[in-house]
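upload_5.txt follows; it contains compact mmCIF, C-alpha atoms and all ligand atoms.
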# COMPACT_ATOMS: atom_id res chain seq x y z
CA MET A 561 107.68 94.90 130.49
CA GLU A 562 108.08 97.46 127.72
CA SER A 563 107.71 100.48 130.01
CA ASP A 564 110.61 99.21 132.16
CA ILE A 565 112.91 99.90 129.23
CA PHE A 566 111.97 103.57 129.25
CA PHE A 567 111.55 104.38 132.89
CA ALA A 568 114.14 103.53 135.52
CA LYS A 569 112.61 101.97 138.60
CA GLY A 570 112.72 103.95 141.83
CA GLY A 571 116.27 104.63 143.00
CA THR A 572 117.99 103.16 139.91
CA ALA A 573 117.98 106.16 137.58
CA GLY A 574 120.90 105.95 135.13
CA THR A 575 123.53 108.51 134.23
CA ILE A 576 123.32 110.04 130.78
CA LEU A 577 126.55 109.07 128.99
CA GLY A 578 125.77 110.56 125.60
CA ILE A 579 123.10 112.17 123.43
CA GLY A 580 122.74 112.36 119.67
CA VAL A 581 120.28 113.70 117.13
CA ASP A 582 119.92 113.49 113.34
CA ILE A 583 117.59 114.71 110.61
CA VAL A 584 117.20 112.89 107.29
CA ASP A 585 115.57 114.00 104.06
CA VAL A 586 112.91 111.36 103.24
CA ALA A 587 113.23 112.00 99.48
CA ARG A 588 116.96 111.19 99.65
CA ILE A 589 116.25 107.78 101.21
CA ARG A 590 113.50 107.14 98.67
CA ARG A 591 115.83 108.03 95.78
CA ILE A 592 118.59 105.71 97.04
CA HIS A 593 116.07 102.90 97.65
CA GLU A 594 114.52 103.29 94.20
CA ARG A 595 117.98 103.28 92.60
CA HIS A 596 119.58 100.44 94.58
CA GLY A 597 116.58 98.44 95.84
CA ASP A 598 117.24 95.52 98.18
CA ALA A 599 121.02 96.00 98.09
CA PHE A 600 120.55 99.35 99.85
CA LEU A 601 118.08 97.92 102.35
CA LYS A 602 120.37 94.99 103.21
CA ARG A 603 123.46 97.16 103.53
CA VAL A 604 121.88 99.74 105.81
CA PHE A 605 118.99 98.20 107.73
CA THR A 606 118.56 95.13 109.91
CA PRO A 607 116.18 92.37 108.76
CA ALA A 608 113.64 93.46 111.44
CA GLU A 609 113.79 97.07 110.25
CA CYS A 610 113.32 96.00 106.63
CA ALA A 611 110.39 93.73 107.51
CA TYR A 612 108.62 96.47 109.48
CA CYS A 613 109.21 99.34 107.07
CA MET A 614 108.49 97.34 103.92
CA SER A 615 105.16 96.22 105.42
CA LEU A 616 104.03 99.85 105.33
CA ALA A 617 102.23 101.35 102.33
CA VAL A 618 104.73 104.25 102.41
CA PRO A 619 108.01 102.91 103.83
CA TRP A 620 110.36 105.85 103.24
CA PRO A 621 109.56 108.10 106.25
CA SER A 622 110.09 105.12 108.59
CA LEU A 623 113.23 104.02 106.74
CA ALA A 624 114.54 107.59 106.93
CA ALA A 625 113.77 107.80 110.67
CA ARG A 626 115.65 104.54 111.26
CA PHE A 627 118.56 105.83 109.21
CA ALA A 628 118.48 108.96 111.40
CA ALA A 629 118.46 106.72 114.50
CA LYS A 630 121.68 105.02 113.37
CA GLU A 631 123.39 108.38 112.96
CA ALA A 632 121.90 109.73 116.21
CA VAL A 633 123.17 106.70 118.17
CA SER A 634 126.59 107.01 116.51
CA LYS A 635 126.69 110.64 117.65
CA ALA A 636 125.63 109.68 121.16
CA PHE A 637 128.64 107.33 121.22
CA GLY A 638 130.79 110.09 119.72
CA THR A 639 132.10 107.72 117.04
CA GLY A 640 130.03 108.65 114.00
CA ILE A 641 129.43 105.82 111.53
CA GLY A 642 132.67 103.98 110.79
CA ALA A 643 134.91 101.17 111.96
CA GLU A 644 133.78 101.32 115.59
CA PHE A 645 130.04 101.60 114.93
CA SER A 646 128.42 100.62 111.63
CA LEU A 647 124.98 101.28 110.18
CA GLN A 648 124.09 97.70 111.15
CA SER A 649 125.26 98.17 114.75
CA VAL A 650 121.85 99.40 115.82
CA GLY A 651 118.38 98.61 114.58
CA VAL A 652 115.08 100.04 115.74
CA VAL A 653 112.13 97.75 116.36
CA ASN A 654 108.73 98.67 117.75
CA GLY A 655 107.45 97.57 121.14
CA ALA A 656 103.94 96.28 121.72
CA ARG A 657 102.53 99.82 121.95
CA GLY A 658 104.55 101.15 119.04
CA ALA A 659 107.41 102.79 120.95
CA PRO A 660 110.85 102.38 119.31
CA LEU A 661 113.39 100.06 120.92
CA ALA A 662 117.08 100.13 119.97
CA GLU A 663 118.66 96.72 119.36
CA LEU A 664 122.46 96.60 119.21
CA ASP A 665 124.54 94.03 117.33
CA GLU A 666 127.72 92.54 118.78
CA LYS A 667 129.83 95.60 117.90
CA GLY A 668 127.27 98.01 119.36
CA THR A 669 126.86 95.91 122.49
CA ALA A 670 130.64 95.84 123.00
CA LEU A 671 130.88 99.61 122.49
CA LEU A 672 128.06 100.21 124.98
CA ALA A 673 129.76 97.98 127.54
CA SER A 674 133.14 99.69 126.98
CA ARG A 675 131.47 103.02 127.86
CA GLY A 676 129.90 101.56 130.98
CA GLY A 677 126.43 102.00 129.49
CA SER A 678 123.49 99.68 129.87
CA ARG A 679 120.83 101.01 127.52
CA VAL A 680 120.36 103.04 124.35
CA LEU A 681 117.09 104.96 124.20
CA VAL A 682 115.77 106.32 120.91
CA SER A 683 112.85 108.46 119.85
CA LEU A 684 111.75 108.90 116.22
CA SER A 685 109.60 111.42 114.40
CA HIS A 686 108.73 111.89 110.73
CA THR A 687 106.66 113.93 108.32
CA ALA A 688 106.29 113.17 104.60
CA THR A 689 109.51 115.06 103.91
CA LEU A 690 111.73 114.95 107.03
CA ALA A 691 112.61 112.30 109.58
CA GLN A 692 114.36 112.85 112.89
CA ALA A 693 115.78 110.67 115.64
CA PHE A 694 117.11 111.40 119.09
CA ALA A 695 119.26 108.98 121.07
CA VAL A 696 120.40 108.80 124.69
CA ILE A 697 122.97 106.40 126.14
CA VAL A 698 122.44 105.64 129.83
C1 LIG A 701 128.83 111.81 112.58
C2 LIG A 701 127.89 111.73 111.40
C3 LIG A 701 126.79 110.72 111.73
C4 LIG A 701 127.31 113.12 111.15
O1 LIG A 701 126.20 113.07 110.32
P1 LIG A 701 126.00 114.04 109.06
O2 LIG A 701 124.71 113.62 108.45
O3 LIG A 701 127.23 114.02 108.22
O4 LIG A 701 125.91 115.49 109.60
P2 LIG A 701 124.81 116.19 110.53
O5 LIG A 701 124.47 117.49 109.92
O6 LIG A 701 123.68 115.27 110.86
O7 LIG A 701 125.61 116.43 111.86
C5 LIG A 701 126.66 117.30 111.90
C6 LIG A 701 127.05 117.48 113.34
O8 LIG A 701 127.35 116.21 113.92
C7 LIG A 701 128.22 116.45 115.02
N1 LIG A 701 129.27 115.43 114.95
C8 LIG A 701 130.27 115.30 114.04
N2 LIG A 701 131.03 114.25 114.35
C9 LIG A 701 130.52 113.71 115.47
C10 LIG A 701 130.89 112.63 116.31
N3 LIG A 701 131.96 111.85 116.05
N4 LIG A 701 130.14 112.38 117.40
C11 LIG A 701 129.09 113.13 117.71
N5 LIG A 701 128.68 114.18 116.96
C12 LIG A 701 129.40 114.46 115.86
C13 LIG A 701 128.78 117.85 114.89
O9 LIG A 701 128.16 118.65 115.87
C14 LIG A 701 128.29 118.27 113.50
O10 LIG A 701 127.98 119.63 113.41
P3 LIG A 701 129.15 120.69 113.03
O11 LIG A 701 129.83 120.14 111.83
O12 LIG A 701 128.41 121.97 112.79
O13 LIG A 701 130.03 120.75 114.23
C15 LIG A 701 128.62 111.37 110.09
O14 LIG A 701 129.88 111.87 110.10
C16 LIG A 701 128.69 109.95 109.71
O15 LIG A 701 129.36 109.14 110.31
N6 LIG A 701 127.99 109.68 108.63
C17 LIG A 701 127.90 108.36 108.08
C18 LIG A 701 127.36 108.50 106.71
C19 LIG A 701 127.15 107.15 106.09
O16 LIG A 701 127.64 106.11 106.48
N7 LIG A 701 126.36 107.17 105.05
C20 LIG A 701 126.02 105.99 104.34
C21 LIG A 701 125.08 106.38 103.25
S1 LIG A 701 124.24 104.96 102.61
Show me, as structure tokens, the structure contained in the file I just sent.
Amino acid sequence: MESDIFFAKGGTAGTILGIGVDIVDVARIRRIHERHGDAFLKRVFTPAECAYCMSLAVPWPSLAARFAAKEAVSKAFGTGIGAEFSLQSVGVVNGARGAPLAELDEKGTALLASRGGSRVLVSLSHTATLAQAFAVIV
């Protein structure tokens, strides 16, 4: 059940292993997208992120928030974006009630396991101009 992902069941609360936050300028993402089109989308975002964001009338705040989520998760791991954790290592999809769920690729899953973590929680927020994401590794 979706809520199980967010709330530990009685007596199984996890330890916080890392936190990360990032803010992204929506206009910057829009500019890069307008200049590089699909090549930018494919390089940075997962297919599920592209499908969701590009189904929206105004995709850039949601794209920017997902870009922020990648950086926030990379900060929570303490790696930044690079060899250990790439922009494709995490994607954000929406649960049935709209809440964001972090999905890790093989590299992200291996990194999480190497830290003794079991879940990556993310929260997103955006206005027309700024997007923000917060990440917690438990
Ligand atoms: C770590 C990273 C995500 C920081 O993001 P940023 O947008 O450059 O900078 P922000 O202003 O959001 O964050 C800066 C803060 O991140 C924190 N930070 C830096 N390296 C960090 C790391 N390895 N782990 C956790 N936090 C880190 C620091 O507190 C820093 O603040 P300070 O310089 O005042 O100490 C960044 O170095 C990175 O990996 N960027 C990838 C960029 C990229 O791939 N772009 C592709 C464009 S298409």
Practice task
Enumerate residues in contact with ligand LIG 701 (chain A): an atom-to-atom distance of at most 10 Å, counting only C-alpha atoms and all ligand atoms. Format the result as a ChimeraX atom specification.
Solution key: /A:578-584,589,592-593,600-601,603-605,627-643,645-647,692
Practice task
Write out as a list in words each polymer residue whose atoms come within 7 Å of region 661-674 of chain A, counting all atoms listed in the file; drop sequence neighbours fewer than 2 positions from it.
Solution key: Phe645, Ser649, Val650, Gly651, Val652, Val653, Asn654, Gly655, Ala659, Gly676, Gly677, Ser678, Val680, Leu681 and Val682 of chain A
Exercise for the section: Could you jot down the CA of Lys602 (chain A) to CA of Ala617 (chain A) separation for me, Å, one decimal place? Expected result: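 Separating CA of Lys602 (chain A) from CA of Ala617 (chain A) is a distance of 19.2 Å.
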Completion exercise
A straight line from CA of Phe694 (chain A) to CA of Val586 (chain A) spans 16.4 Å
Expected answer as a compact mmCIF listing (two decimals) with C-alpha atoms, in the frame of the given file: all residues with atoms within 12 Å of (107.3, 97.7, 109.8), only C-alpha atoms:
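The resulting file, selection_27.txt, is shown below:
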# COMPACT_ATOMS: atom_id res chain seq x y z
CA PHE A 605 118.99 98.20 107.73
CA THR A 606 118.56 95.13 109.91
CA PRO A 607 116.18 92.37 108.76
CA ALA A 608 113.64 93.46 111.44
CA GLU A 609 113.79 97.07 110.25
CA CYS A 610 113.32 96.00 106.63
CA ALA A 611 110.39 93.73 107.51
CA TYR A 612 108.62 96.47 109.48
CA CYS A 613 109.21 99.34 107.07
CA MET A 614 108.49 97.34 103.92
CA SER A 615 105.16 96.22 105.42
CA LEU A 616 104.03 99.85 105.33
CA ALA A 617 102.23 101.35 102.33
CA VAL A 618 104.73 104.25 102.41
CA PRO A 619 108.01 102.91 103.83
CA TRP A 620 110.36 105.85 103.24
CA PRO A 621 109.56 108.10 106.25
CA SER A 622 110.09 105.12 108.59
CA LEU A 623 113.23 104.02 106.74
CA ARG A 626 115.65 104.54 111.26
CA VAL A 652 115.08 100.04 115.74
CA VAL A 653 112.13 97.75 116.36
CA ASN A 654 108.73 98.67 117.75
CA GLY A 655 107.45 97.57 121.14
CA GLY A 658 104.55 101.15 119.04
CA PRO A 660 110.85 102.38 119.31
Exercise for the section: State, in Å with one decimal place, the distance from CA of Ala695 (chain A) to CA of Arg675 (chain A). Expected result: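 Taking CA of Ala695 (chain A) and CA of Arg675 (chain A), their separation equals 15.2 Å.
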Problem - Residue with smallest distance to Ala587 (chain A) - pool A:Leu684, A:Val698, A:Ala691, A:Ala599, counting only C-alpha atoms - result: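 Once distances to Ala587 (chain A) are computed over only C-alpha atoms, the minimum belongs to A:Ala691.
Nearest to Thr689 (chain A) of all the residues A:Glu644, A:Arg595, A:Ala624, A:Thr575 is A:Ala624, counting all atoms listed in the file.
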Assuming the input is short of atoms at region 592-619 of chain A, produce N, CA and C atoms for that part as an mmCIF file, in the coordinates of the input.
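And here is the file that came out, part_3.cif:
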data_model
loop_
_atom_site.group_PDB
_atom_site.id
_atom_site.type_symbol
_atom_site.label_atom_id
_atom_site.label_comp_id
_atom_site.auth_asym_id
_atom_site.auth_seq_id
_atom_site.Cartn_x
_atom_site.Cartn_y
_atom_site.Cartn_z
ATOM 1 N N ILE A 592 117.559 106.762 96.941
ATOM 2 C CA ILE A 592 118.590 105.710 97.040
ATOM 3 C C ILE A 592 117.923 104.334 96.967
ATOM 4 N N HIS A 593 116.783 104.188 97.658
ATOM 5 C CA HIS A 593 116.070 102.900 97.650
ATOM 6 C C HIS A 593 115.598 102.564 96.242
ATOM 7 N N GLU A 594 115.045 103.562 95.546
ATOM 8 C CA GLU A 594 114.520 103.290 94.200
ATOM 9 C C GLU A 594 115.664 102.957 93.233
ATOM 10 N N ARG A 595 116.832 103.541 93.473
ATOM 11 C CA ARG A 595 117.980 103.280 92.600
ATOM 12 C C ARG A 595 118.637 101.934 92.901
ATOM 13 N N HIS A 596 118.777 101.620 94.204
ATOM 14 C CA HIS A 596 119.580 100.440 94.580
ATOM 15 C C HIS A 596 118.759 99.278 95.156
ATOM 16 N N GLY A 597 117.482 99.510 95.413
ATOM 17 C CA GLY A 597 116.580 98.440 95.840
ATOM 18 C C GLY A 597 117.045 97.702 97.090
ATOM 19 N N ASP A 598 116.930 96.367 97.017
ATOM 20 C CA ASP A 598 117.240 95.520 98.180
ATOM 21 C C ASP A 598 118.685 95.631 98.643
ATOM 22 N N ALA A 599 119.594 95.906 97.709
ATOM 23 C CA ALA A 599 121.020 96.000 98.090
ATOM 24 C C ALA A 599 121.187 97.124 99.112
ATOM 25 N N PHE A 600 120.492 98.233 98.900
ATOM 26 C CA PHE A 600 120.550 99.350 99.850
ATOM 27 C C PHE A 600 119.929 98.945 101.178
ATOM 28 N N LEU A 601 118.758 98.321 101.109
ATOM 29 C CA LEU A 601 118.080 97.920 102.350
ATOM 30 C C LEU A 601 118.967 96.995 103.166
ATOM 31 N N LYS A 602 119.554 96.005 102.494
ATOM 32 C CA LYS A 602 120.370 94.990 103.210
ATOM 33 C C LYS A 602 121.650 95.578 103.774
ATOM 34 N N ARG A 603 122.198 96.563 103.068
ATOM 35 C CA ARG A 603 123.460 97.160 103.530
ATOM 36 C C ARG A 603 123.248 98.038 104.755
ATOM 37 N N VAL A 604 122.091 98.699 104.794
ATOM 38 C CA VAL A 604 121.880 99.740 105.810
ATOM 39 C C VAL A 604 121.029 99.264 106.984
ATOM 40 N N PHE A 605 119.994 98.490 106.708
ATOM 41 C CA PHE A 605 118.990 98.200 107.730
ATOM 42 C C PHE A 605 119.055 96.735 108.177
ATOM 43 N N THR A 606 118.620 96.502 109.415
ATOM 44 C CA THR A 606 118.560 95.130 109.910
ATOM 45 C C THR A 606 117.343 94.426 109.297
ATOM 46 N N PRO A 607 117.335 93.095 109.308
ATOM 47 C CA PRO A 607 116.180 92.370 108.760
ATOM 48 C C PRO A 607 114.854 92.801 109.421
ATOM 49 N N ALA A 608 114.880 93.043 110.739
ATOM 50 C CA ALA A 608 113.640 93.460 111.440
ATOM 51 C C ALA A 608 113.192 94.847 110.977
ATOM 52 N N GLU A 609 114.148 95.732 110.741
ATOM 53 C CA GLU A 609 113.790 97.070 110.250
ATOM 54 C C GLU A 609 113.198 96.978 108.850
ATOM 55 N N CYS A 610 113.828 96.165 107.999
ATOM 56 C CA CYS A 610 113.320 96.000 106.630
ATOM 57 C C CYS A 610 111.906 95.432 106.654
ATOM 58 N N ALA A 611 111.700 94.390 107.471
ATOM 59 C CA ALA A 611 110.390 93.730 107.510
ATOM 60 C C ALA A 611 109.316 94.726 107.944
ATOM 61 N N TYR A 612 109.616 95.516 108.987
ATOM 62 C CA TYR A 612 108.620 96.470 109.480
ATOM 63 C C TYR A 612 108.350 97.562 108.437
ATOM 64 N N CYS A 613 109.403 98.198 107.974
ATOM 65 C CA CYS A 613 109.210 99.340 107.070
ATOM 66 C C CYS A 613 108.570 98.917 105.747
ATOM 67 N N MET A 614 109.007 97.758 105.217
ATOM 68 C CA MET A 614 108.490 97.340 103.920
ATOM 69 C C MET A 614 107.069 96.774 104.016
ATOM 70 N N SER A 615 106.565 96.621 105.263
ATOM 71 C CA SER A 615 105.160 96.220 105.420
ATOM 72 C C SER A 615 104.241 97.433 105.348
ATOM 73 N N LEU A 616 104.825 98.621 105.357
ATOM 74 C CA LEU A 616 104.030 99.850 105.330
ATOM 75 C C LEU A 616 103.747 100.272 103.889
ATOM 76 N N ALA A 617 102.583 100.894 103.681
ATOM 77 C CA ALA A 617 102.230 101.350 102.330
ATOM 78 C C ALA A 617 103.251 102.374 101.838
ATOM 79 N N VAL A 618 103.719 103.228 102.752
ATOM 80 C CA VAL A 618 104.730 104.250 102.410
ATOM 81 C C VAL A 618 105.922 104.034 103.361
ATOM 82 N N PRO A 619 106.940 103.290 102.908
ATOM 83 C CA PRO A 619 108.010 102.910 103.830
ATOM 84 C C PRO A 619 109.057 103.987 104.095
#
